[in-house]
$ cat work05.tsv   # TSV, C-alpha atoms and all ligand atoms
chain	number	residue	atom	x	y	z
A	1060	MET	CA	-20.07	-12.13	-8.34
A	1061	SER	CA	-17.62	-14.90	-9.05
A	1062	ILE	CA	-17.07	-15.40	-5.32
A	1063	ASN	CA	-19.18	-18.06	-3.63
A	1064	ALA	CA	-17.58	-18.23	-0.22
A	1065	ALA	CA	-18.05	-15.35	2.19
A	1066	PRO	CA	-14.71	-14.79	3.91
A	1067	VAL	CA	-15.28	-11.04	4.32
A	1068	ARG	CA	-17.56	-10.48	7.30
A	1069	SER	CA	-17.48	-6.71	7.55
A	1070	VAL	CA	-15.88	-3.54	6.27
A	1071	ARG	CA	-15.64	-0.58	8.60
A	1072	VAL	CA	-13.86	2.73	8.76
A	1073	ILE	CA	-12.00	4.26	11.66
A	1074	THR	CA	-10.19	7.59	11.64
A	1075	THR	CA	-6.78	8.67	12.90
A	1076	GLY	CA	-7.70	12.31	13.28
A	1077	SER	CA	-8.47	14.90	10.66
A	1078	GLY	CA	-6.69	17.49	8.61
A	1079	SER	CA	-7.53	20.42	6.37
A	1080	LEU	CA	-6.44	21.22	2.87
A	1081	HIS	CA	-7.08	23.97	0.36
A	1082	PRO	CA	-9.99	23.77	-2.10
A	1083	GLU	CA	-7.42	24.13	-4.91
A	1084	HIS	CA	-5.80	20.92	-3.62
A	1085	MET	CA	-9.05	18.95	-3.47
A	1086	TYR	CA	-10.73	20.27	-6.60
A	1087	GLY	CA	-7.74	21.21	-8.75
A	1088	SER	CA	-6.91	24.72	-9.97
A	1089	ARG	CA	-5.79	26.54	-13.10
A	1090	LYS	CA	-3.39	28.49	-10.94
A	1091	PRO	CA	0.18	27.19	-10.51
A	1092	THR	CA	0.59	24.88	-7.51
A	1093	LEU	CA	3.05	27.19	-5.78
A	1094	TRP	CA	0.56	30.06	-6.05
A	1095	TRP	CA	-2.24	28.31	-4.19
A	1096	VAL	CA	0.12	26.61	-1.74
A	1097	ALA	CA	1.43	30.04	-0.71
A	1098	ARG	CA	-1.71	32.17	-1.09
A	1099	SER	CA	-4.88	30.16	-0.56
A	1100	LYS	CA	-6.69	31.12	2.64
A	1101	GLU	CA	-9.53	28.61	2.52
A	1102	TRP	CA	-9.40	25.23	4.21
A	1103	ILE	CA	-11.59	22.11	3.91
A	1104	ASN	CA	-11.63	19.50	6.67
A	1105	ILE	CA	-11.04	15.83	5.79
A	1106	PRO	CA	-10.80	12.66	7.89
A	1107	LEU	CA	-7.62	10.54	7.87
A	1108	ASN	CA	-9.34	7.21	7.47
A	1109	VAL	CA	-8.27	3.60	7.87
A	1110	PHE	CA	-10.46	0.75	6.63
A	1111	VAL	CA	-10.85	-2.36	8.76
A	1112	ILE	CA	-11.89	-5.60	7.08
A	1113	GLU	CA	-12.88	-8.61	9.15
A	1114	HIS	CA	-11.83	-11.62	7.11
A	1115	ASP	CA	-12.12	-15.29	8.14
A	1116	ASP	CA	-8.31	-15.57	8.03
A	1117	GLY	CA	-7.64	-12.45	10.10
A	1118	LEU	CA	-8.05	-8.74	10.47
A	1119	VAL	CA	-7.01	-6.76	7.39
A	1120	LEU	CA	-6.40	-3.01	7.18
A	1121	PHE	CA	-6.40	-0.81	4.12
A	1122	ASP	CA	-3.84	1.83	5.12
A	1123	THR	CA	-2.62	2.59	8.63
A	1124	GLY	CA	-3.42	6.29	9.03
A	1125	MET	CA	-1.46	9.13	10.54
A	1126	ASP	CA	1.25	9.04	13.19
A	1127	PRO	CA	0.29	11.84	15.63
A	1128	ALA	CA	4.01	12.70	15.89
A	1129	ALA	CA	3.88	14.08	12.33
A	1130	ALA	CA	1.58	16.81	13.63
A	1131	ILE	CA	2.65	17.13	17.27
A	1132	ASP	CA	6.47	16.85	17.00
A	1133	GLN	CA	6.83	18.48	13.60
A	1134	VAL	CA	10.43	19.68	13.93
A	1135	ASP	CA	11.56	16.23	14.94
A	1136	TYR	CA	9.40	14.37	12.42
A	1137	TRP	CA	10.16	16.62	9.43
A	1138	PRO	CA	13.83	17.64	9.72
A	1139	SER	CA	13.79	19.79	6.57
A	1140	ARG	CA	12.75	23.43	7.04
A	1141	ILE	CA	11.46	23.77	3.50
A	1142	GLY	CA	9.45	20.58	3.96
A	1143	ARG	CA	7.85	22.03	7.10
A	1144	TRP	CA	7.02	25.28	5.28
A	1145	PHE	CA	5.24	23.36	2.54
A	1146	LEU	CA	3.51	21.10	5.01
A	1147	ASP	CA	2.33	24.12	6.95
A	1148	HIS	CA	0.86	25.58	3.76
A	1149	ILE	CA	-0.61	22.32	2.43
A	1150	PHE	CA	-2.05	20.58	5.47
A	1151	ARG	CA	-3.39	21.61	8.83
A	1152	PHE	CA	-3.89	18.90	11.38
A	1153	ASP	CA	-6.45	18.35	14.06
A	1154	ILE	CA	-4.73	15.44	15.76
A	1155	GLY	CA	-4.22	14.40	19.34
A	1156	PRO	CA	-2.16	11.60	20.90
A	1157	ASP	CA	-5.31	9.43	21.08
A	1158	ASP	CA	-5.72	9.53	17.33
A	1159	ARG	CA	-2.95	6.99	16.79
A	1160	LEU	CA	-3.90	3.75	15.05
A	1161	ALA	CA	-3.51	1.43	18.05
A	1162	THR	CA	-5.79	3.58	20.21
A	1163	GLN	CA	-8.42	3.97	17.50
A	1164	LEU	CA	-8.41	0.23	16.73
A	1165	ALA	CA	-8.92	-0.51	20.43
A	1166	ALA	CA	-11.73	2.06	20.63
A	1167	ALA	CA	-13.46	0.23	17.75
A	1168	GLY	CA	-13.13	-3.09	19.62
A	1169	TYR	CA	-10.08	-4.53	17.85
A	1170	ARG	CA	-6.69	-5.65	19.15
A	1171	PRO	CA	-3.80	-4.15	17.15
A	1172	GLU	CA	-1.92	-7.46	17.56
A	1173	ASP	CA	-4.73	-9.22	15.68
A	1174	VAL	CA	-4.09	-7.32	12.45
A	1175	THR	CA	-2.59	-9.92	10.10
A	1176	VAL	CA	-2.31	-7.86	6.91
A	1177	ALA	CA	-2.18	-4.14	6.09
A	1178	VAL	CA	-2.56	-3.17	2.44
A	1179	MET	CA	-0.81	0.13	1.71
A	1180	SER	CA	-2.66	2.26	-0.86
A	1181	HIS	CA	0.54	4.34	-1.03
A	1182	LEU	CA	3.19	5.52	1.43
A	1183	HIS	CA	2.24	9.12	2.24
A	1184	PHE	CA	2.73	9.84	5.95
A	1185	ASP	CA	-1.03	10.01	6.62
A	1186	HIS	CA	-1.47	6.47	5.25
A	1187	ALA	CA	1.73	4.76	6.45
A	1188	GLY	CA	1.93	6.39	9.90
A	1189	GLY	CA	0.55	3.44	11.85
A	1190	VAL	CA	2.81	0.63	10.62
A	1191	GLY	CA	4.56	0.52	13.99
A	1192	ASP	CA	1.26	-0.05	15.82
A	1193	ILE	CA	0.47	-3.43	14.25
A	1194	PRO	CA	3.42	-5.69	15.15
A	1195	ASN	CA	2.05	-8.91	13.65
A	1196	ALA	CA	0.89	-7.53	10.32
A	1197	GLU	CA	2.36	-8.33	6.95
A	1198	LEU	CA	2.59	-4.97	5.14
A	1199	HIS	CA	1.63	-5.32	1.48
A	1200	VAL	CA	3.22	-2.60	-0.66
A	1201	ALA	CA	3.27	-2.10	-4.43
A	1202	PRO	CA	6.73	-2.55	-6.01
A	1203	ASP	CA	6.74	1.03	-7.39
A	1204	ALA	CA	5.91	2.47	-3.95
A	1205	TRP	CA	8.68	0.38	-2.39
A	1206	ASP	CA	11.22	1.49	-5.04
A	1207	HIS	CA	10.30	5.13	-4.39
A	1208	LEU	CA	10.68	4.62	-0.64
A	1209	ILE	CA	14.04	2.85	-0.86
A	1210	ARG	CA	15.76	4.30	-3.92
A	1211	THR	CA	14.72	7.98	-4.04
A	1212	PRO	CA	17.40	10.12	-2.35
A	1213	HIS	CA	14.80	12.20	-0.48
A	1214	PRO	CA	11.38	10.51	-0.42
A	1215	GLU	CA	10.42	12.81	2.50
A	1216	ARG	CA	10.23	15.65	-0.05
A	1217	ASP	CA	7.23	13.76	-1.44
A	1218	TYR	CA	5.86	13.37	2.12
A	1219	VAL	CA	7.09	9.79	2.38
A	1220	PRO	CA	9.18	9.87	5.60
A	1221	ARG	CA	11.44	6.85	5.03
A	1222	GLU	CA	13.03	6.63	8.49
A	1223	ARG	CA	9.58	6.69	10.12
A	1224	ILE	CA	8.06	4.16	7.76
A	1225	LEU	CA	10.90	1.62	7.95
A	1226	VAL	CA	10.01	0.53	11.48
A	1227	PRO	CA	12.48	-2.06	12.86
A	1228	GLY	CA	11.04	-5.56	12.69
A	1229	ALA	CA	8.24	-4.68	10.24
A	1230	ARG	CA	7.42	-7.43	7.76
A	1231	TRP	CA	7.04	-5.93	4.28
A	1232	LYS	CA	5.69	-7.95	1.38
A	1233	LEU	CA	5.89	-6.78	-2.21
A	1234	MET	CA	2.54	-7.15	-3.94
A	1235	GLU	CA	2.56	-9.70	-6.74
A	1236	PHE	CA	0.48	-8.51	-9.66
A	1237	GLU	CA	-0.62	-11.48	-11.76
A	1238	PRO	CA	-2.36	-11.33	-15.14
A	1239	THR	CA	-6.11	-11.85	-14.79
A	1240	ASP	CA	-9.17	-12.05	-17.03
A	1241	ASP	CA	-11.56	-11.95	-14.07
A	1242	PRO	CA	-14.59	-10.09	-15.48
A	1243	ASP	CA	-15.18	-8.22	-12.19
A	1244	LEU	CA	-11.75	-6.64	-12.52
A	1245	ALA	CA	-12.06	-5.46	-16.13
A	1246	PRO	CA	-10.62	-3.25	-17.54
A	1247	PHE	CA	-7.75	-4.02	-15.16
A	1248	THR	CA	-5.71	-6.95	-16.50
A	1249	GLU	CA	-3.51	-7.69	-13.49
A	1250	ALA	CA	-4.18	-7.87	-9.79
A	1251	HIS	CA	-2.63	-8.80	-6.45
A	1252	ASP	CA	-4.79	-11.31	-4.57
A	1253	VAL	CA	-4.27	-10.26	-0.93
A	1254	MET	CA	-5.71	-13.32	0.85
A	1255	GLY	CA	-5.37	-15.84	-2.00
A	1256	ASP	CA	-9.15	-16.36	-2.20
A	1257	GLY	CA	-10.20	-13.57	-4.57
A	1258	SER	CA	-12.04	-11.60	-1.88
A	1259	LEU	CA	-9.54	-8.72	-1.69
A	1260	MET	CA	-8.02	-7.81	-5.06
A	1261	VAL	CA	-5.55	-4.95	-5.48
A	1262	VAL	CA	-5.26	-3.15	-8.82
A	1263	LYS	CA	-2.88	-0.41	-9.93
A	1264	THR	CA	-4.46	3.06	-10.08
A	1265	PRO	CA	-1.45	5.34	-10.69
A	1266	GLY	CA	-1.40	9.13	-10.62
A	1267	HIS	CA	-1.38	10.31	-6.99
A	1268	ILE	CA	2.17	9.16	-6.14
A	1269	ALA	CA	4.45	6.24	-7.03
A	1270	GLY	CA	2.81	2.84	-6.63
A	1271	ALA	CA	-0.71	4.05	-5.74
A	1272	VAL	CA	-3.23	1.20	-5.74
A	1273	SER	CA	-6.91	0.49	-5.09
A	1274	MET	CA	-8.52	-2.60	-3.55
A	1275	LEU	CA	-11.72	-4.34	-4.62
A	1276	ILE	CA	-13.59	-6.05	-1.77
A	1277	ARG	CA	-15.96	-8.82	-2.88
A	1278	ARG	CA	-18.57	-10.33	-0.63
A	1279	ALA	CA	-21.10	-13.06	-1.35
A	1280	ASP	CA	-24.23	-11.15	-0.45
A	1281	ALA	CA	-23.37	-7.47	-0.43
A	1282	PRO	CA	-22.27	-4.98	-3.08
A	1283	PRO	CA	-18.58	-4.83	-3.98
A	1284	VAL	CA	-16.54	-1.95	-2.60
A	1285	LEU	CA	-13.54	-0.32	-4.28
A	1286	LEU	CA	-11.24	1.48	-1.86
A	1287	VAL	CA	-9.28	3.96	-4.00
A	1288	GLY	CA	-6.92	5.58	-1.48
A	1289	ASP	CA	-6.05	9.11	-2.60
A	1290	LEU	CA	-6.88	8.59	-6.28
A	1291	THR	CA	-9.68	11.07	-5.56
A	1292	TYR	CA	-11.31	12.76	-2.57
A	1293	SER	CA	-14.79	11.44	-3.43
A	1294	GLU	CA	-16.61	9.21	-5.90
A	1295	GLU	CA	-18.47	12.25	-7.24
A	1296	LEU	CA	-15.22	14.00	-8.22
A	1297	LEU	CA	-14.01	10.83	-9.93
A	1298	MET	CA	-17.29	10.46	-11.82
A	1299	ARG	CA	-17.05	13.98	-13.21
A	1300	ASP	CA	-13.32	13.76	-14.02
A	1301	GLN	CA	-12.30	16.45	-11.57
A	1302	VAL	CA	-8.73	15.64	-10.57
A	1303	ALA	CA	-6.95	16.98	-7.49
A	1304	GLY	CA	-4.42	19.80	-7.61
A	1305	THR	CA	-1.44	17.46	-7.03
A	1306	GLY	CA	-0.23	14.31	-8.75
A	1307	ASP	CA	0.12	13.33	-12.41
A	1308	ARG	CA	-2.98	14.70	-14.13
A	1309	GLY	CA	-2.76	12.43	-17.19
A	1310	ALA	CA	-2.27	9.29	-15.10
A	1311	LEU	CA	-5.06	10.31	-12.71
A	1312	LEU	CA	-7.49	10.77	-15.61
A	1313	ARG	CA	-6.56	7.34	-17.03
A	1314	SER	CA	-7.09	5.73	-13.62
A	1315	PHE	CA	-10.44	7.57	-13.24
A	1316	ALA	CA	-11.53	6.17	-16.61
A	1317	ALA	CA	-10.53	2.65	-15.59
A	1318	VAL	CA	-12.50	2.88	-12.32
A	1319	ARG	CA	-15.55	4.21	-14.19
A	1320	ALA	CA	-15.27	1.30	-16.65
A	1321	MET	CA	-15.16	-1.14	-13.70
A	1322	LYS	CA	-18.27	0.50	-12.29
A	1323	ALA	CA	-20.01	0.16	-15.66
A	1324	ASN	CA	-19.44	-3.63	-15.34
A	1325	LEU	CA	-20.41	-3.70	-11.67
A	1326	PRO	CA	-23.28	-1.19	-11.37
A	1327	ASP	CA	-23.65	-1.66	-7.61
A	1328	LEU	CA	-19.93	-0.98	-7.03
A	1329	VAL	CA	-19.36	1.48	-4.18
A	1330	VAL	CA	-16.26	3.64	-4.62
A	1331	VAL	CA	-14.80	4.97	-1.36
A	1332	ALA	CA	-11.87	7.41	-1.17
A	1333	SER	CA	-9.57	7.44	1.85
A	1334	HIS	CA	-10.46	11.00	2.83
A	1335	ASP	CA	-14.16	10.72	1.98
A	1336	THR	CA	-16.14	12.44	4.74
A	1337	THR	CA	-19.07	10.09	4.01
A	1338	ALA	CA	-17.04	6.84	4.04
A	1339	SER	CA	-18.77	5.42	7.07
A	1340	GLU	CA	-22.31	6.13	5.78
A	1341	LYS	CA	-21.42	4.64	2.41
A	1342	LEU	CA	-20.05	1.46	3.99
A	1343	ASP	CA	-22.95	1.13	6.43
A	1344	ALA	CA	-25.36	1.33	3.52
A	1345	THR	CA	-23.62	-1.64	1.86
A	1346	SER	CA	-23.22	-3.79	4.96
A	1347	VAL	CA	-24.42	-7.37	4.70
A	1348	SER	CA	-27.13	-6.88	7.27
A	1349	ALA	CA	-28.56	-3.95	5.29
A	1350	PHE	CA	-29.24	-6.38	2.44
A	1351	GLU	CA	-30.81	-9.18	4.43
B	1401	ZN	ZN	-1.67	10.70	-0.38

$ encode --input "work05.tsv" --output "structure tokens"
Amino acid sequence: MSINAAPVRSVRVITTGSGSLHPEHMYGSRKPTLWWVARSKEWINIPLNVFVIEHDDGLVLFDTGMDPAAAIDQVDYWPSRIGRWFLDHIFRFDIGPDDRLATQLAAAGYRPEDVTVAVMSHLHFDHAGGVGDIPNAELHVAPDAWDHLIRTPHPERDYVPRERILVPGARWKLMEFEPTDDPDLAPFTEAHDVMGDGSLMVVKTPGHIAGAVSMLIRRADAPPVLLVGDLTYSEELLMRDQVAGTGDRGALLRSFAAVRAMKANLPDLVVVASHDTTASEKLDATSVSAFE
């Protein structure tokens, strides 16, 4: 590790409810997308996770989870009928009002006002739904994700509900990707340094949707963790090159290869996907105290 200081004290996961998707969505399918969206009868449950990083300079989130309104007030939240039909056939939600970010942060012992930074892996509704719950946070977003949000005529058709995400008063910050030859980051050659101390480094892992990124967490005396958002549903799928049924297959495979190359350099690297059902066990196993 090239980091000597230990600004990251802990990495935990909380969840903002759960949802279900089709196996064809998680594991990919030879069938056309529209076929399995309309016909598949099987559902797999996944958590809608948010990662909480205690850093010396403040509380940092990786993603903000789901807004319960997207499940509870669907007609209001998703004005387009066709969008609701697809949503109904792509995701099922198991979400209650208490699953909102502010409530789940409080339940885990954190004050939502204490969140100083939220790093957005991408802007899908189940990742950007809690931006209104953390009033003091600077929201770090990749330039490509921001362009898609602002310039696409109908980002909601990609499940990026612009009017919900652009919360009045929110402080957005475009990530600044700088060239780097940091050996821990290879083969990635540019990164956004979230806290300015090298402990939280964002790299571009395109393929899932515009501006999708991953974040490397480096600690002095615990294994590094790579949070990959929705690049994959689990490390195992990434390791065996099994891409999901949505997104840009070629770009996903290139991003998979880059993450595997990073892991070859950092053998103890722990890769955690946003909807990984084992995220909390994986993080517990890498916690600092587990290595003392
Ligand atoms: Zn997503």

$ residues_near_ligand --input "work05.tsv" --ligand "ligand ZN 1401 (chain B)" --cutoff "10 Å" --atoms "all atoms listed in the file" --output "PDB file with C-alpha atoms, in the coordinates of the input"
ATOM      1  CA  SER A1180      -2.660   2.260  -0.860  1.00  0.00           C
ATOM      2  CA  HIS A1181       0.540   4.340  -1.030  1.00  0.00           C
ATOM      3  CA  LEU A1182       3.190   5.520   1.430  1.00  0.00           C
ATOM      4  CA  HIS A1183       2.240   9.120   2.240  1.00  0.00           C
ATOM      5  CA  PHE A1184       2.730   9.840   5.950  1.00  0.00           C
ATOM      6  CA  ASP A1185      -1.030  10.010   6.620  1.00  0.00           C
ATOM      7  CA  HIS A1186      -1.470   6.470   5.250  1.00  0.00           C
ATOM      8  CA  ALA A1187       1.730   4.760   6.450  1.00  0.00           C
ATOM      9  CA  ASP A1217       7.230  13.760  -1.440  1.00  0.00           C
ATOM     10  CA  TYR A1218       5.860  13.370   2.120  1.00  0.00           C
ATOM     11  CA  VAL A1219       7.090   9.790   2.380  1.00  0.00           C
ATOM     12  CA  HIS A1267      -1.380  10.310  -6.990  1.00  0.00           C
ATOM     13  CA  ILE A1268       2.170   9.160  -6.140  1.00  0.00           C
ATOM     14  CA  ALA A1271      -0.710   4.050  -5.740  1.00  0.00           C
ATOM     15  CA  GLY A1288      -6.920   5.580  -1.480  1.00  0.00           C
ATOM     16  CA  ASP A1289      -6.050   9.110  -2.600  1.00  0.00           C
ATOM     17  CA  LEU A1290      -6.880   8.590  -6.280  1.00  0.00           C
ATOM     18  CA  THR A1291      -9.680  11.070  -5.560  1.00  0.00           C
ATOM     19  CA  THR A1305      -1.440  17.460  -7.030  1.00  0.00           C
ATOM     20  CA  GLY A1306      -0.230  14.310  -8.750  1.00  0.00           C
ATOM     21  CA  SER A1333      -9.570   7.440   1.850  1.00  0.00           C
ATOM     22  CA  HIS A1334     -10.460  11.000   2.830  1.00  0.00           C
TER      23      HIS A1334
END

$ residues_near_point --input "work05.tsv" --point "(-12.2, 15.2, 13.2)" --cutoff "9 Å" --atoms "all atoms listed in the file" --output "CSV table (one decimal) with C-alpha atoms, keeping the file's coordinate frame"
chain,number,residue,atom,x,y,z
A,1074,THR,CA,-10.2,7.6,11.6
A,1075,THR,CA,-6.8,8.7,12.9
A,1076,GLY,CA,-7.7,12.3,13.3
A,1077,SER,CA,-8.5,14.9,10.7
A,1078,GLY,CA,-6.7,17.5,8.6
A,1104,ASN,CA,-11.6,19.5,6.7
A,1105,ILE,CA,-11.0,15.8,5.8
A,1106,PRO,CA,-10.8,12.7,7.9
A,1107,LEU,CA,-7.6,10.5,7.9
A,1153,ASP,CA,-6.4,18.4,14.1
A,1154,ILE,CA,-4.7,15.4,15.8

$ closest_atom_pairs --input "work05.tsv" --of "region 1131-1162 of chain A" --to "region 1222-1234 of chain A" --cutoff "12 Å" --atoms "all atoms listed in the file" --output "Markdown table"
| residue | atom | partner | partner_atom | distance |
| --- | --- | --- | --- | --- |
| A:Asp1135 | CA | A:Arg1223 | CA | 10.9 |
| A:Tyr1136 | CA | A:Arg1223 | CA | 8.0 |
| A:Trp1137 | CA | A:Arg1223 | CA | 10.0 |
| A:Pro1138 | CA | A:Glu1222 | CA | 11.1 |

$ atom_distance --input "work05.tsv" --atom1 "CA of Glu1237 (chain A)" --atom2 "CA of Leu1325 (chain A)"
21.3 Å

$ closest_residue --input "work05.tsv" --among "A:Glu1197, A:Asp1240, A:Asp1343, A:Asp1307" --to "Leu1120 (chain A)" --atoms "only C-alpha atoms"
A:Glu1197

$ closest_residue --input "work05.tsv" --among "A:Asp1327, A:Val1178, A:Pro1214, A:Ala1310" --to "Asp1252 (chain A)" --atoms "all atoms listed in the file"
A:Val1178

$ atom_distance --input "work05.tsv" --atom1 "CA of Val1272 (chain A)" --atom2 "CA of Lys1090 (chain A)"
27.8 Å

$ residues_around --input "work05.tsv" --residues "Met1254 (chain A)" --least-positions-apart "4" --cutoff "12 Å" --atoms "only C-alpha atoms" --output "ChimeraX atom specification"
/A:1066-1067,1112-1119,1175-1178,1197,1199,1234-1235,1258-1261,1274,1276-1277

$ write_last_selection --input "work05.tsv" --atoms "C-alpha atoms" --output "mmCIF file, keeping the file's coordinate frame"
data_model
loop_
_atom_site.group_PDB
_atom_site.id
_atom_site.type_symbol
_atom_site.label_atom_id
_atom_site.label_comp_id
_atom_site.auth_asym_id
_atom_site.auth_seq_id
_atom_site.Cartn_x
_atom_site.Cartn_y
_atom_site.Cartn_z
ATOM 1 C CA PRO A 1066 -14.710 -14.790 3.910
ATOM 2 C CA VAL A 1067 -15.280 -11.040 4.320
ATOM 3 C CA ILE A 1112 -11.890 -5.600 7.080
ATOM 4 C CA GLU A 1113 -12.880 -8.610 9.150
ATOM 5 C CA HIS A 1114 -11.830 -11.620 7.110
ATOM 6 C CA ASP A 1115 -12.120 -15.290 8.140
ATOM 7 C CA ASP A 1116 -8.310 -15.570 8.030
ATOM 8 C CA GLY A 1117 -7.640 -12.450 10.100
ATOM 9 C CA LEU A 1118 -8.050 -8.740 10.470
ATOM 10 C CA VAL A 1119 -7.010 -6.760 7.390
ATOM 11 C CA THR A 1175 -2.590 -9.920 10.100
ATOM 12 C CA VAL A 1176 -2.310 -7.860 6.910
ATOM 13 C CA ALA A 1177 -2.180 -4.140 6.090
ATOM 14 C CA VAL A 1178 -2.560 -3.170 2.440
ATOM 15 C CA GLU A 1197 2.360 -8.330 6.950
ATOM 16 C CA HIS A 1199 1.630 -5.320 1.480
ATOM 17 C CA MET A 1234 2.540 -7.150 -3.940
ATOM 18 C CA GLU A 1235 2.560 -9.700 -6.740
ATOM 19 C CA SER A 1258 -12.040 -11.600 -1.880
ATOM 20 C CA LEU A 1259 -9.540 -8.720 -1.690
ATOM 21 C CA MET A 1260 -8.020 -7.810 -5.060
ATOM 22 C CA VAL A 1261 -5.550 -4.950 -5.480
ATOM 23 C CA MET A 1274 -8.520 -2.600 -3.550
ATOM 24 C CA ILE A 1276 -13.590 -6.050 -1.770
ATOM 25 C CA ARG A 1277 -15.960 -8.820 -2.880
#

$ atom_distance --input "work05.tsv" --atom1 "CA of Arg1278 (chain A)" --atom2 "CA of Arg1068 (chain A)"
8.0 Å

$ residues_around --input "work05.tsv" --residues "Val1262 (chain A)" --least-positions-apart "3" --cutoff "9 Å" --atoms "all atoms listed in the file" --output "list in words"
Phe1236, Leu1244, Phe1247, Thr1248, Glu1249, Ala1250, His1251, Val1272, Ser1273, Met1274 and Leu1275 of chain A

$ axis_aligned_box --input "work05.tsv" --around "region 1173-1176 of chain A" --padding-each-side "5 Å" --output "AutoDock Vina command-line options"
--center_x -3.5 --center_y -8.6 --center_z 11.3 --size_x 12.4 --size_y 12.6 --size_z 18.8

$ closest_residue --input "work05.tsv" --among "A:Phe1150, A:Gly1142, A:Gly1266, A:Val1330" --to "Val1302 (chain A)" --atoms "all atoms listed in the file"
A:Gly1266

$ residues_near_point --input "work05.tsv" --point "(-1.8, 5.3, 14.0)" --cutoff "8 Å" --atoms "all atoms listed in the file" --output "list in words"
Thr1075, Thr1123, Gly1124, Met1125, Asp1126, Pro1127, Asp1158, Arg1159, Leu1160, Ala1161, Thr1162, Gln1163, Gly1188, Gly1189, Val1190, Gly1191 and Asp1192 of chain A

$ write_last_selection --input "work05.tsv" --atoms "C-alpha atoms" --output "short mmCIF file (atom, residue, chain, number, x, y, z; two decimals), in the coordinates of the input"
data_model
loop_
_atom_site.label_atom_id
_atom_site.label_comp_id
_atom_site.auth_asym_id
_atom_site.auth_seq_id
_atom_site.Cartn_x
_atom_site.Cartn_y
_atom_site.Cartn_z
CA THR A 1075 -6.78 8.67 12.90
CA THR A 1123 -2.62 2.59 8.63
CA GLY A 1124 -3.42 6.29 9.03
CA MET A 1125 -1.46 9.13 10.54
CA ASP A 1126 1.25 9.04 13.19
CA PRO A 1127 0.29 11.84 15.63
CA ASP A 1158 -5.72 9.53 17.33
CA ARG A 1159 -2.95 6.99 16.79
CA LEU A 1160 -3.90 3.75 15.05
CA ALA A 1161 -3.51 1.43 18.05
CA THR A 1162 -5.79 3.58 20.21
CA GLN A 1163 -8.42 3.97 17.50
CA GLY A 1188 1.93 6.39 9.90
CA GLY A 1189 0.55 3.44 11.85
CA VAL A 1190 2.81 0.63 10.62
CA GLY A 1191 4.56 0.52 13.99
CA ASP A 1192 1.26 -0.05 15.82
#
